[in-house]
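Inspection log for the structure reproduced underneath, given as C-alpha cells.
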Amino acid sequence: MSTPKLSFTTLGCPDWTLDDIAKHAKAYGYDGVELRTAPDGNHISPDAPRAEAERVGKKLRDAGAPVMSVMGYCRFAFTDPKEVAENQALMRKLIPLAQALGAPYIRTFGGQFPKGADRAAITRTVGEALKPLAVEAAAAGVKIGMETHDDWCSGDLVMQVVRMVNSSAFGMVYDIHNAFHSGIEPWDVTYAKVKDHILYCHLKDGYRDAGGALHYVMLGAGELPVQDILARFKRDGFSSYFSLEWEKKWHAELDAPERAFPQFPIKLRRLW
C-alpha cells in the first residue's frame, strides 16, 4: 500500500534559519522541505551561487529532510511579452538552483489574468511560455509544477496548459484548499481532472466566517473535508508529497511553526 511523504513549505517559518529548518524537519516527522526562494532572505535567493545551493541541499539531506521542491514565484499571465520573458528568465535561474539543491520539483504560478484581457489568449501565453522551460527542466532532471492558485483553480483550465506544454517534466502542484475555497467546482471534480498530472500537493485547512473572510487553522479544524480527500488519494495509490503550507509569513497572527508544524504529520498519518 502506498504511503504519502510529508513536507512543509518554509513560508511557515520565516524567522527560522536553515539550521533551524534542518533541526526541526525530521524531529517533527517530515520527509522533506519545500524551500522558499525569494530575494527577501527566505530562504535561498534565486541568484544563490551553485556552491551555496549544493551546501544547503546537503545540509538538509544529511538532516534527513531533503529539499523536495523549490518554491518559486514565476508568473506568466501577462499581455506584455517583456514581463513574460522576465519570468522565463527567473525560471531559468530556478532550474539549475533546484538541480544543485537536489530538489525534483519547482513550484510556479500561472498568475492572475489581467483585467479585461482575453482569457483564451492569456492561457495560450502561459502555455507557450512554459513549454520551452519544461524542455530545459527535463534536461536538468527536474519538473515544473503549476499551482492551483488565483485564477487557476479550475481543473479544465489548468489541464489546457498541461496539454499545451505536453511534457513529462510539467504537471500540477495541487493546492487542495485553494481549489476547494475557490468555489469553482467540488474538490473531487477538480481532482478527477488533474489527478494524473499531480506532482505533489499543498495541504492546509481553514474556514470562512459569516462575513466571508478566510481564516487558516490547523489540519482537521476547518471546512476542508480532509478525511474524504485523504481516503480518495489513498484509494488511488498516491505516494508523492503532501506539503503543509502554513502561511505564517503573510499572516503573522497564525500560530508559530513550533506549534503548527508538529501537528500536521501526526494528524495526517492518523487520518491516512
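Going through the C-alpha cells in order, the chains are called A, B, and so on, while each chain numbers its residues from 1 and the ligands are numbered from 1 in the order shown.
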Residues of range 112-200 of chain A that have any atom at most 9 Å from an atom of range 204-213 of chain A: could you tabulate them with the shortest-distance atom pair and the distance in Å to one decimal, using only C-alpha atoms, ordered by chain and increasing number, as JSON lines?
{"residue": "A:Asp175", "atom": "CA", "partner": "A:Lys204", "partner_atom": "CA", "distance": 8.3}
{"residue": "A:Ile176", "atom": "CA", "partner": "A:Lys204", "partner_atom": "CA", "distance": 7.8}
{"residue": "A:His177", "atom": "CA", "partner": "A:Lys204", "partner_atom": "CA", "distance": 6.1}
{"residue": "A:Asn178", "atom": "CA", "partner": "A:Lys204", "partner_atom": "CA", "distance": 8.9}
{"residue": "A:His181", "atom": "CA", "partner": "A:Tyr207", "partner_atom": "CA", "distance": 8.7}
So that each row is one residue of range 48-96 of chain A with an atom at most 12 Å from range 147-162 of chain A, can you give its shortest atom pair and the distance in Å to one decimal, using only C-alpha atoms, rows by chain and rising number, as JSON lines?
{"residue": "A:Met71", "atom": "CA", "partner": "A:Glu147", "partner_atom": "CA", "distance": 10.3}
{"residue": "A:Gly72", "atom": "CA", "partner": "A:Glu147", "partner_atom": "CA", "distance": 10.4}
{"residue": "A:Tyr73", "atom": "CA", "partner": "A:Glu147", "partner_atom": "CA", "distance": 10.4}
{"residue": "A:Cys74", "atom": "CA", "partner": "A:Glu147", "partner_atom": "CA", "distance": 10.8}
{"residue": "A:Arg75", "atom": "CA", "partner": "A:Glu147", "partner_atom": "CA", "distance": 10.6}
{"residue": "A:Phe76", "atom": "CA", "partner": "A:Val161", "partner_atom": "CA", "distance": 11.5}
{"residue": "A:Ala77", "atom": "CA", "partner": "A:Asp151", "partner_atom": "CA", "distance": 10.0}
**Item:** Counting only C-alpha atoms, the residue of A:Ala252, A:Ala85, A:Leu133, A:Leu97 that sits nearest Arg36 in chain A
**Value:**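 Checking each candidate against Arg36 in chain A, we get A:Leu97 as the closest.
Across A:Arg232, A:Thr37, A:His215, A:Met164, the tightest approach to Tyr191 in chain A is made by A:Arg232 when counting only C-alpha atoms.
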**Residue with smallest distance to Val33 in chain A - pool A:Ala53, A:Ala140, A:Ala103, A:Leu219, counting only C-alpha atoms** =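 Checking each of A:Ala53, A:Ala140, A:Ala103, A:Leu219 against Val33 in chain A, counting only C-alpha atoms, the winner is A:Ala103.
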